[in-house]
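So this one's work.tsv, TSV, C-alpha atoms:
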chain	number	residue	atom	x	y	z
E	1	MET	CA	12.17	-56.88	221.55
E	2	GLU	CA	9.83	-53.93	221.27
E	3	GLN	CA	9.56	-52.37	217.83
E	4	PRO	CA	10.47	-48.66	217.61
E	5	ARG	CA	7.57	-46.28	217.22
E	6	TYR	CA	6.43	-45.66	213.65
E	7	ARG	CA	7.44	-42.20	212.49
E	8	GLY	CA	6.61	-41.09	208.96
E	9	ARG	CA	6.72	-37.79	207.12
E	10	PHE	CA	5.55	-35.86	204.08
E	11	ALA	CA	8.26	-33.61	202.65
E	12	PRO	CA	7.17	-31.44	199.73
E	13	SER	CA	9.42	-28.98	197.89
E	14	PRO	CA	7.75	-25.55	197.76
E	15	THR	CA	8.07	-25.00	194.02
E	16	GLY	CA	4.32	-24.34	193.78
E	17	PRO	CA	0.98	-25.20	195.40
E	18	LEU	CA	0.01	-28.79	196.10
E	19	HIS	CA	-1.48	-30.70	193.16
E	20	PHE	CA	-3.41	-33.96	193.12
E	21	GLY	CA	-0.28	-36.12	192.90
E	22	SER	CA	1.11	-34.44	196.02
E	23	LEU	CA	-2.14	-35.09	197.87
E	24	VAL	CA	-2.04	-38.80	196.97
E	25	THR	CA	1.46	-39.10	198.45
E	26	ALA	CA	0.57	-37.04	201.52
E	27	LEU	CA	-2.56	-39.11	202.17
E	28	ALA	CA	-0.76	-42.42	201.70
E	29	SER	CA	1.95	-41.42	204.17
E	30	TRP	CA	-0.65	-40.13	206.65
E	31	LEU	CA	-2.72	-43.32	206.43
E	32	GLU	CA	0.33	-45.54	206.84
E	33	ALA	CA	1.30	-43.64	209.99
E	34	ARG	CA	-2.21	-43.64	211.40
E	35	SER	CA	-2.78	-47.35	210.69
E	36	ALA	CA	0.43	-48.09	212.62
E	37	GLY	CA	-0.57	-45.83	215.53
E	38	GLY	CA	2.50	-43.70	214.84
E	39	ASP	CA	3.52	-40.12	214.22
E	40	TRP	CA	3.17	-38.17	210.97
E	41	LEU	CA	5.40	-35.15	210.35
E	42	VAL	CA	5.59	-32.45	207.69
E	43	ARG	CA	8.93	-31.16	206.44
E	44	ILE	CA	9.29	-28.36	203.91
E	45	GLU	CA	12.27	-29.01	201.63
E	46	ASP	CA	13.00	-25.35	200.91
E	47	LEU	CA	16.62	-25.75	199.84
E	48	ASP	CA	16.57	-23.95	196.49
E	49	PRO	CA	15.29	-20.38	196.78
E	50	LEU	CA	15.78	-19.82	193.04
E	51	ARG	CA	12.94	-22.30	192.31
E	52	GLU	CA	10.64	-21.45	195.22
E	53	PRO	CA	7.94	-18.77	194.86
E	54	PRO	CA	7.63	-16.98	198.21
E	55	GLU	CA	3.94	-17.84	198.51
E	56	ALA	CA	4.33	-21.58	197.85
E	57	THR	CA	5.05	-22.74	201.40
E	58	GLY	CA	1.99	-21.00	202.78
E	59	GLN	CA	-0.15	-22.46	200.00
E	60	ILE	CA	1.09	-25.98	200.74
E	61	LEU	CA	0.46	-25.75	204.47
E	62	HIS	CA	-2.96	-24.20	203.90
E	63	SER	CA	-3.93	-27.05	201.56
E	64	LEU	CA	-2.83	-29.66	204.07
E	65	ASP	CA	-4.89	-27.96	206.77
E	66	CYS	CA	-7.95	-27.78	204.50
E	67	HIS	CA	-7.65	-31.53	203.88
E	68	GLY	CA	-7.36	-32.36	207.59
E	69	LEU	CA	-3.75	-33.52	207.33
E	70	PHE	CA	-2.24	-32.01	210.46
E	71	PRO	CA	1.26	-33.03	211.57
E	72	ASP	CA	1.92	-34.33	215.07
E	73	GLU	CA	4.89	-32.01	215.57
E	74	PRO	CA	5.77	-28.49	214.41
E	75	VAL	CA	6.54	-28.20	210.70
E	76	ARG	CA	10.26	-28.41	209.93
E	77	PHE	CA	11.87	-26.07	207.38
E	78	GLN	CA	15.11	-27.24	205.83
E	79	SER	CA	16.14	-23.64	205.13
E	80	ARG	CA	16.69	-23.33	208.90
E	81	ARG	CA	18.91	-26.42	209.12
E	82	HIS	CA	22.05	-25.33	207.29
E	83	ASP	CA	24.28	-25.79	210.36
E	84	ALA	CA	23.20	-29.43	210.66
E	85	TYR	CA	23.89	-30.11	206.99
E	86	GLN	CA	27.31	-28.47	207.17
E	87	ALA	CA	28.17	-30.51	210.25
E	88	ALA	CA	27.28	-33.69	208.36
E	89	ILE	CA	29.45	-32.64	205.41
E	90	ASP	CA	32.37	-31.87	207.72
E	91	GLN	CA	31.99	-35.32	209.26
E	92	LEU	CA	31.91	-37.02	205.87
E	93	LEU	CA	34.91	-35.06	204.60
E	94	ALA	CA	36.91	-35.92	207.70
E	95	ARG	CA	36.16	-39.62	207.20
E	96	HIS	CA	36.96	-39.46	203.47
E	97	LYS	CA	33.35	-40.28	202.64
E	98	ALA	CA	32.96	-37.03	200.68
E	99	TYR	CA	35.20	-34.90	198.50
E	100	ARG	CA	35.44	-31.51	196.82
E	101	CYS	CA	34.74	-31.53	193.09
E	102	ARG	CA	35.30	-28.71	190.60
E	103	CYS	CA	34.29	-30.76	187.56
E	104	SER	CA	31.40	-29.41	185.51
E	105	ARG	CA	28.65	-31.71	184.30
E	106	LYS	CA	29.91	-31.22	180.75
E	107	LEU	CA	33.45	-32.18	181.74
E	108	LEU	CA	32.24	-35.34	183.49
E	109	GLN	CA	30.18	-36.31	180.46
E	110	LYS	CA	33.23	-35.79	178.25
E	111	HIS	CA	35.21	-38.24	180.40
E	112	GLY	CA	32.50	-40.88	180.73
E	113	GLY	CA	31.55	-39.84	184.26
E	114	TYR	CA	35.10	-40.02	185.64
E	115	HIS	CA	36.88	-37.08	187.27
E	116	PRO	CA	39.87	-35.97	185.15
E	117	ASP	CA	41.26	-33.96	188.06
E	118	HIS	CA	41.15	-36.97	190.42
E	119	CYS	CA	38.76	-35.18	192.76
E	120	ARG	CA	38.04	-38.33	194.76
E	121	ASP	CA	41.74	-38.58	195.62
E	122	GLY	CA	41.65	-35.19	197.31
E	123	GLN	CA	43.81	-33.48	194.74
E	124	PRO	CA	42.57	-29.86	194.51
E	125	ALA	CA	42.09	-28.36	191.07
E	126	PRO	CA	44.08	-25.20	190.35
E	127	GLY	CA	42.51	-21.76	190.51
E	128	ASP	CA	39.51	-20.34	192.30
E	129	THR	CA	36.88	-22.35	190.45
E	130	PRO	CA	33.82	-23.00	192.64
E	131	TYR	CA	33.47	-26.58	193.80
E	132	ALA	CA	30.72	-28.94	194.85
E	133	ILE	CA	30.88	-31.54	197.60
E	134	ARG	CA	30.12	-35.08	196.45
E	135	PHE	CA	29.54	-38.25	198.42
E	136	ALA	CA	32.06	-41.01	197.73
E	137	LEU	CA	29.99	-44.07	196.94
E	138	THR	CA	31.28	-47.62	197.24
E	139	ASP	CA	30.61	-50.11	194.46
E	140	GLU	CA	27.59	-52.03	195.67
E	141	LEU	CA	24.63	-54.14	194.64
E	142	SER	CA	22.13	-52.86	197.18
E	143	HIS	CA	19.17	-54.97	198.33
E	144	TRP	CA	16.11	-53.99	200.34
E	145	GLN	CA	12.48	-54.97	200.80
E	146	ASP	CA	10.05	-52.31	199.63
E	147	LEU	CA	6.77	-52.50	201.56
E	148	LEU	CA	4.76	-52.29	198.33
E	149	LEU	CA	7.07	-53.37	195.52
E	150	GLY	CA	8.76	-56.24	197.36
E	151	GLU	CA	12.40	-57.26	196.90
E	152	GLN	CA	14.45	-54.52	195.25
E	153	GLN	CA	18.04	-54.26	194.13
E	154	GLN	CA	20.11	-51.47	192.62
E	155	ARG	CA	23.72	-51.34	191.57
E	156	VAL	CA	25.69	-48.17	192.24
E	157	ALA	CA	29.16	-47.45	190.93
E	158	ALA	CA	31.81	-45.52	192.82
E	159	GLU	CA	32.70	-42.20	191.16
E	160	LEU	CA	30.22	-42.62	188.28
E	161	ASP	CA	27.16	-42.31	190.54
E	162	ASP	CA	28.55	-40.11	193.33
E	163	PRO	CA	25.71	-37.73	194.32
E	164	VAL	CA	26.18	-34.04	195.04
E	165	LEU	CA	25.79	-33.04	198.70
E	166	LEU	CA	26.52	-29.33	198.35
E	167	ARG	CA	26.07	-27.58	195.03
E	168	LYS	CA	28.63	-25.14	193.62
E	169	GLU	CA	26.13	-22.33	194.14
E	170	GLY	CA	26.23	-23.02	197.89
E	171	PHE	CA	22.87	-24.81	198.17
E	172	TYR	CA	22.66	-28.04	200.17
E	173	ALA	CA	21.40	-30.89	198.02
E	174	TYR	CA	18.36	-33.07	198.55
E	175	GLN	CA	20.43	-36.26	198.87
E	176	LEU	CA	22.18	-34.90	201.94
E	177	ALA	CA	19.40	-32.96	203.64
E	178	VAL	CA	16.79	-35.71	203.38
E	179	VAL	CA	19.08	-38.20	205.11
E	180	VAL	CA	20.27	-35.79	207.82
E	181	ASP	CA	16.69	-34.85	208.70
E	182	ASP	CA	15.36	-38.41	208.56
E	183	ILE	CA	18.06	-39.36	211.06
E	184	ASP	CA	17.44	-36.33	213.30
E	185	GLN	CA	13.68	-36.85	213.33
E	186	ASN	CA	13.94	-40.61	213.89
E	187	ILE	CA	11.95	-41.37	210.74
E	188	SER	CA	11.30	-45.12	210.66
E	189	HIS	CA	9.24	-45.33	207.45
E	190	VAL	CA	9.28	-43.32	204.23
E	191	VAL	CA	6.31	-43.28	201.85
E	192	ARG	CA	7.12	-41.50	198.61
E	193	GLY	CA	6.62	-41.60	194.85
E	194	SER	CA	8.35	-44.24	192.78
E	195	ASP	CA	10.08	-41.47	190.81
E	196	LEU	CA	12.48	-41.37	193.79
E	197	LEU	CA	13.09	-45.12	193.80
E	198	ASP	CA	16.38	-44.85	191.90
E	199	MET	CA	17.86	-42.68	194.68
E	200	THR	CA	17.37	-45.31	197.37
E	201	ALA	CA	20.66	-47.20	197.09
E	202	GLN	CA	22.66	-43.97	197.22
E	203	GLN	CA	20.72	-42.75	200.25
E	204	GLN	CA	21.23	-46.04	202.08
E	205	GLN	CA	24.99	-45.58	201.79
E	206	ILE	CA	24.74	-42.02	203.12
E	207	PHE	CA	22.70	-43.29	206.08
E	208	ARG	CA	25.40	-45.84	206.87
E	209	ALA	CA	28.20	-43.29	206.46
E	210	LEU	CA	26.47	-41.11	209.07
E	211	GLY	CA	26.16	-44.06	211.44
E	212	ALA	CA	22.43	-44.62	211.05
E	213	GLN	CA	20.08	-47.31	209.80
E	214	SER	CA	17.92	-46.63	206.75
E	215	PRO	CA	14.15	-46.33	207.21
E	216	GLN	CA	11.79	-48.80	205.64
E	217	TRP	CA	10.69	-47.72	202.17
E	218	LEU	CA	7.29	-47.72	200.49
E	219	HIS	CA	7.30	-46.34	196.93
E	220	ILE	CA	3.88	-45.66	195.46
E	221	PRO	CA	3.18	-45.18	191.74
E	222	VAL	CA	3.19	-41.56	190.61
E	223	VAL	CA	0.14	-39.79	189.27
E	224	VAL	CA	0.48	-38.91	185.59
E	225	ASN	CA	-1.49	-36.81	183.11
E	226	ASP	CA	-2.97	-37.93	179.80
E	227	GLN	CA	0.45	-37.66	178.16
E	228	GLY	CA	1.96	-40.05	180.69
E	229	GLN	CA	3.90	-37.26	182.42
E	230	LYS	CA	4.21	-37.05	186.18
E	231	LEU	CA	2.03	-34.30	187.61
E	232	SER	CA	4.32	-31.43	188.55
E	233	LYS	CA	4.84	-27.72	188.14
E	234	GLN	CA	6.87	-28.48	185.00
E	235	THR	CA	3.93	-30.35	183.43
E	236	HIS	CA	1.49	-27.59	184.47
E	237	ALA	CA	-0.40	-29.68	187.00
E	238	PRO	CA	-3.35	-27.67	188.34
E	239	ALA	CA	-3.34	-26.66	191.97
E	240	LEU	CA	-5.67	-28.48	194.35
E	241	ASP	CA	-9.05	-26.84	194.79
E	242	ASP	CA	-9.09	-26.27	198.54
E	243	GLN	CA	-12.82	-25.50	198.34
E	244	GLN	CA	-13.62	-29.21	197.80
E	245	PRO	CA	-11.27	-31.07	200.14
E	246	ALA	CA	-13.58	-34.02	200.83
E	247	ALA	CA	-13.96	-34.77	197.11
E	248	ASN	CA	-10.20	-34.44	196.63
E	249	LEU	CA	-9.58	-36.93	199.43
E	250	VAL	CA	-12.10	-39.39	198.00
E	251	ASN	CA	-10.38	-39.21	194.62
E	252	ALA	CA	-7.00	-39.68	196.30
E	253	LEU	CA	-8.31	-42.75	198.13
E	254	ALA	CA	-9.54	-44.10	194.81
E	255	ALA	CA	-6.17	-43.42	193.20
E	256	LEU	CA	-4.65	-45.48	196.00
E	257	GLY	CA	-6.95	-48.41	195.15
E	258	GLN	CA	-9.02	-48.14	198.32
E	259	GLN	CA	-12.46	-48.14	196.59
E	260	PRO	CA	-14.18	-45.49	198.71
E	261	PRO	CA	-18.00	-45.41	198.44
E	262	SER	CA	-19.37	-42.58	196.32
E	263	ALA	CA	-21.46	-41.43	199.27
E	264	LEU	CA	-18.27	-40.07	200.80
E	265	LEU	CA	-18.27	-37.34	198.17
E	266	ASN	CA	-20.92	-35.61	200.29
E	267	ALA	CA	-19.24	-36.34	203.62
E	268	THR	CA	-17.03	-34.13	205.75
E	269	VAL	CA	-13.25	-34.18	205.62
E	270	ASP	CA	-13.16	-35.86	209.03
E	271	ASP	CA	-15.56	-38.56	207.86
E	272	VAL	CA	-13.52	-39.27	204.73
E	273	LEU	CA	-10.30	-39.53	206.72
E	274	ALA	CA	-11.99	-41.75	209.31
E	275	TRP	CA	-13.18	-44.08	206.55
E	276	GLY	CA	-9.67	-44.11	205.11
E	277	ARG	CA	-8.14	-45.06	208.47
E	278	GLU	CA	-10.62	-47.84	209.10
E	279	ASN	CA	-10.36	-49.32	205.61
E	280	TRP	CA	-6.71	-48.73	204.70
E	281	ARG	CA	-5.25	-51.62	202.68
E	282	ARG	CA	-1.67	-51.12	201.60
E	283	HIS	CA	-1.79	-54.15	199.32
E	284	ALA	CA	-4.59	-52.54	197.28
E	285	ILE	CA	-2.38	-49.72	195.98
E	286	PRO	CA	-2.24	-50.24	192.19
E	287	LEU	CA	1.02	-51.25	190.58
E	288	THR	CA	0.20	-50.65	186.92
E	289	SER	CA	-1.58	-48.03	184.87
E	290	ARG	CA	-4.10	-50.65	183.78
E	291	GLN	CA	-5.21	-51.21	187.36
E	292	ALA	CA	-5.52	-47.51	188.07
E	293	ARG	CA	-6.83	-46.18	184.77
E	294	GLY	CA	-9.86	-43.95	185.06
E	295	ILE	CA	-9.89	-43.60	188.83
E	296	THR	CA	-9.97	-39.83	188.73
E	297	PRO	CA	-10.68	-37.42	185.88
E	298	ASN	CA	-7.72	-36.94	183.54
E	299	THR	CA	-5.27	-38.85	185.73
E	300	HIS	CA	-4.09	-42.36	186.40
E	301	LEU	CA	-1.20	-44.03	188.13
E	302	ARG	CA	1.77	-45.88	186.82
E	303	PRO	CA	4.93	-47.29	188.36
E	304	ASP	CA	7.94	-45.18	187.49
E	305	HIS	CA	10.67	-47.78	187.54

When written as structure tokens, how does the structure in this file appear?
Amino acid sequence: MEQPRYRGRFAPSPTGPLHFGSLVTALASWLEARSAGGDWLVRIEDLDPLREPPEATGQILHSLDCHGLFPDEPVRFQSRRHDAYQAAIDQLLARHKAYRCRCSRKLLQKHGGYHPDHCRDGQPAPGDTPYAIRFALTDELSHWQDLLLGEQQQRVAAELDDPVLLRKEGFYAYQLAVVVDDIDQNISHVVRGSDLLDMTAQQQQIFRALGAQSPQWLHIPVVVNDQGQKLSKQTHAPALDDQQPAANLVNALAALGQQPPSALLNATVDDVLAWGRENWRRHAIPLTSRQARGITPNTHLRPDH
């Protein structure tokens, strides 16, 4: 039986310009797709306009272009996909796989994570209080084979771990949109940071509820600063210097354990990417901070699970 074509993606949230940690993830996903002779897509997860500076999307796409990371299909913007997300919610509600919830986070904490208004039973709370839509998880010990980390398992609890699909403010949530778009774009493999590892079991149930098979997962260690914090806007990670893309790519290859020769620092972007494609070794990606320490100035990798 012929294997389906490899289709991967890089899906940044436009909360700011790309930083080095973003580049490491983008490059890893690009190299995985290229080594498999597959497709590599870019998806902008612009679901929360309150956290997204208007210039961020353009900065991200410009940085990817400067680093030679061009998608094989037009860039997808989740802000243009609201109809698809609503259709998925309607389907889940009709099949009793989702429910309306008026409980605040504080109220849920007060009741140990349980819904005092019996939201999962479909009993509406009184009044005009705004409500969220949550996915109704099933108690499960989920198993899967991560392409880097090996055998994984996570336990999820019905009600206690039910993820939000539509926020009370009217914004579609990551847990819904990422699954709907992975299904629609026929994504077969997902390469992402291990900070998202804990969401995998929940997402696998959402895939099944929407009648689809989960992609294969590859979770890479996240890049952290000297304080052990993941590089992000919140930790003031500096933006990539788009004036030195070849050097950035060499450092990203090093962060991925690929041991690029120092001579590549003076090469072109195309030459660096060509070397990466020819020498890509997934098994060389570091798993601990000790293995990755000192690969790039002021950063190292660590598993986040």

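In this structure, CA of Leu249 (chain E) sits 16.5 Å away from CA of Ile220 (chain E).
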
message = Quick one: residues within 12 Å of Glu140 (chain E), all atoms listed in the file, excluding same-chain residues fewer than 4 positions away - as an NGL selection string?
response = :E and (153-159 or 161 or 201-202 or 204-205)

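Of note, CA of Ala26 (chain E) and CA of Gln152 (chain E) are spaced 23.2 Å apart.
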
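Residue nearest His283 (chain E) within the list E:Leu147, E:Val222, E:Glu169, E:Pro260: E:Leu147 [criterion: smallest interatomic distance, all atoms listed in the file].
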
Contacts of Arg105 (chain E) at 12 Å (only C-alpha atoms; same-chain gap of 6+ positions) as a tab-separated table (two decimals) with C-alpha atoms, in the coordinates of the input:
chain	number	residue	atom	x	y	z
E	111	HIS	CA	35.21	-38.24	180.40
E	112	GLY	CA	32.50	-40.88	180.73
E	113	GLY	CA	31.55	-39.84	184.26
E	114	TYR	CA	35.10	-40.02	185.64
E	115	HIS	CA	36.88	-37.08	187.27
E	131	TYR	CA	33.47	-26.58	193.80
E	132	ALA	CA	30.72	-28.94	194.85
E	160	LEU	CA	30.22	-42.62	188.28
E	164	VAL	CA	26.18	-34.04	195.04
E	167	ARG	CA	26.07	-27.58	195.03
E	168	LYS	CA	28.63	-25.14	193.62

message = I'd like the contact shell of Asp72 (chain E) - 7 Å cut-off, all atoms listed in the file, skipping same-chain residues fewer than 5 positions apart - returned as an NGL selection string.
response = :E and (39-41)

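Distance annotation: of E:Phe20, E:Asp121, E:Gly8, E:Ala84, the residue with the minimal separation from Val223 (chain E) is E:Phe20; atom set is all atoms listed in the file.
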
Give me, as a PDB file with C-alpha atoms, in the coordinates of the input, all polymer residues having an atom no more than 10 Å from Ser13 (chain E), counting all atoms listed in the file and skipping those fewer than 3 positions away in the same chain.
ATOM      1  CA  GLY E  16       4.320 -24.340 193.780  1.00  0.00           C
ATOM      2  CA  PRO E  17       0.980 -25.200 195.400  1.00  0.00           C
ATOM      3  CA  LEU E  18       0.010 -28.790 196.100  1.00  0.00           C
ATOM      4  CA  ARG E  43       8.930 -31.160 206.440  1.00  0.00           C
ATOM      5  CA  ILE E  44       9.290 -28.360 203.910  1.00  0.00           C
ATOM      6  CA  GLU E  45      12.270 -29.010 201.630  1.00  0.00           C
ATOM      7  CA  ASP E  46      13.000 -25.350 200.910  1.00  0.00           C
ATOM      8  CA  LEU E  47      16.620 -25.750 199.840  1.00  0.00           C
ATOM      9  CA  ASP E  48      16.570 -23.950 196.490  1.00  0.00           C
ATOM     10  CA  ARG E  51      12.940 -22.300 192.310  1.00  0.00           C
ATOM     11  CA  GLU E  52      10.640 -21.450 195.220  1.00  0.00           C
ATOM     12  CA  ALA E  56       4.330 -21.580 197.850  1.00  0.00           C
ATOM     13  CA  THR E  57       5.050 -22.740 201.400  1.00  0.00           C
ATOM     14  CA  ILE E  60       1.090 -25.980 200.740  1.00  0.00           C
ATOM     15  CA  GLN E  78      15.110 -27.240 205.830  1.00  0.00           C
ATOM     16  CA  TYR E 174      18.360 -33.070 198.550  1.00  0.00           C
TER      17      TYR E 174
END

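When only C-alpha atoms are used to measure the gap to Asp181 (chain E), the shortest distance among E:Arg282, E:Lys110, E:Arg134, E:His82 belongs to E:His82.
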
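With only C-alpha atoms as the atoms that count, the residue of E:Leu50, E:Ala255, E:Cys119, E:Leu61 with the shortest distance to Thr15 (chain E) is E:Leu50.
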
inquiry  = For a quick check of your reading of the model, name the residues lying within 7 Å of the coordinate (27.1, -31.9, 200.5), counting all atoms listed in the file, and write them as a ChimeraX atom specification.
reply    = /E:89,133-134,164-166,172-173,176

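Atom to atom, CA of Gln185 (chain E) and CA of Asp90 (chain E) stand 20.1 Å apart.
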
Selected residue of minimal separation from His189 (chain E) among E:Asn279, E:Ser104, E:Gln109, E:Ser214, counting only C-alpha atoms = E:Ser214

task = Write out as a PyMOL selection string which residues come within 10 Å of Ala246 (chain E) when counting only C-alpha atoms, dropping same-chain ones fewer than 3 positions away.
result = chain E and resi 66-68+242-243+249-252+264-273

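The nearest approach to Gly21 (chain E) among the residues E:Arg192, E:Arg277, E:Arg5, E:Arg34, with all atoms listed in the file taken into account, belongs to E:Arg192.
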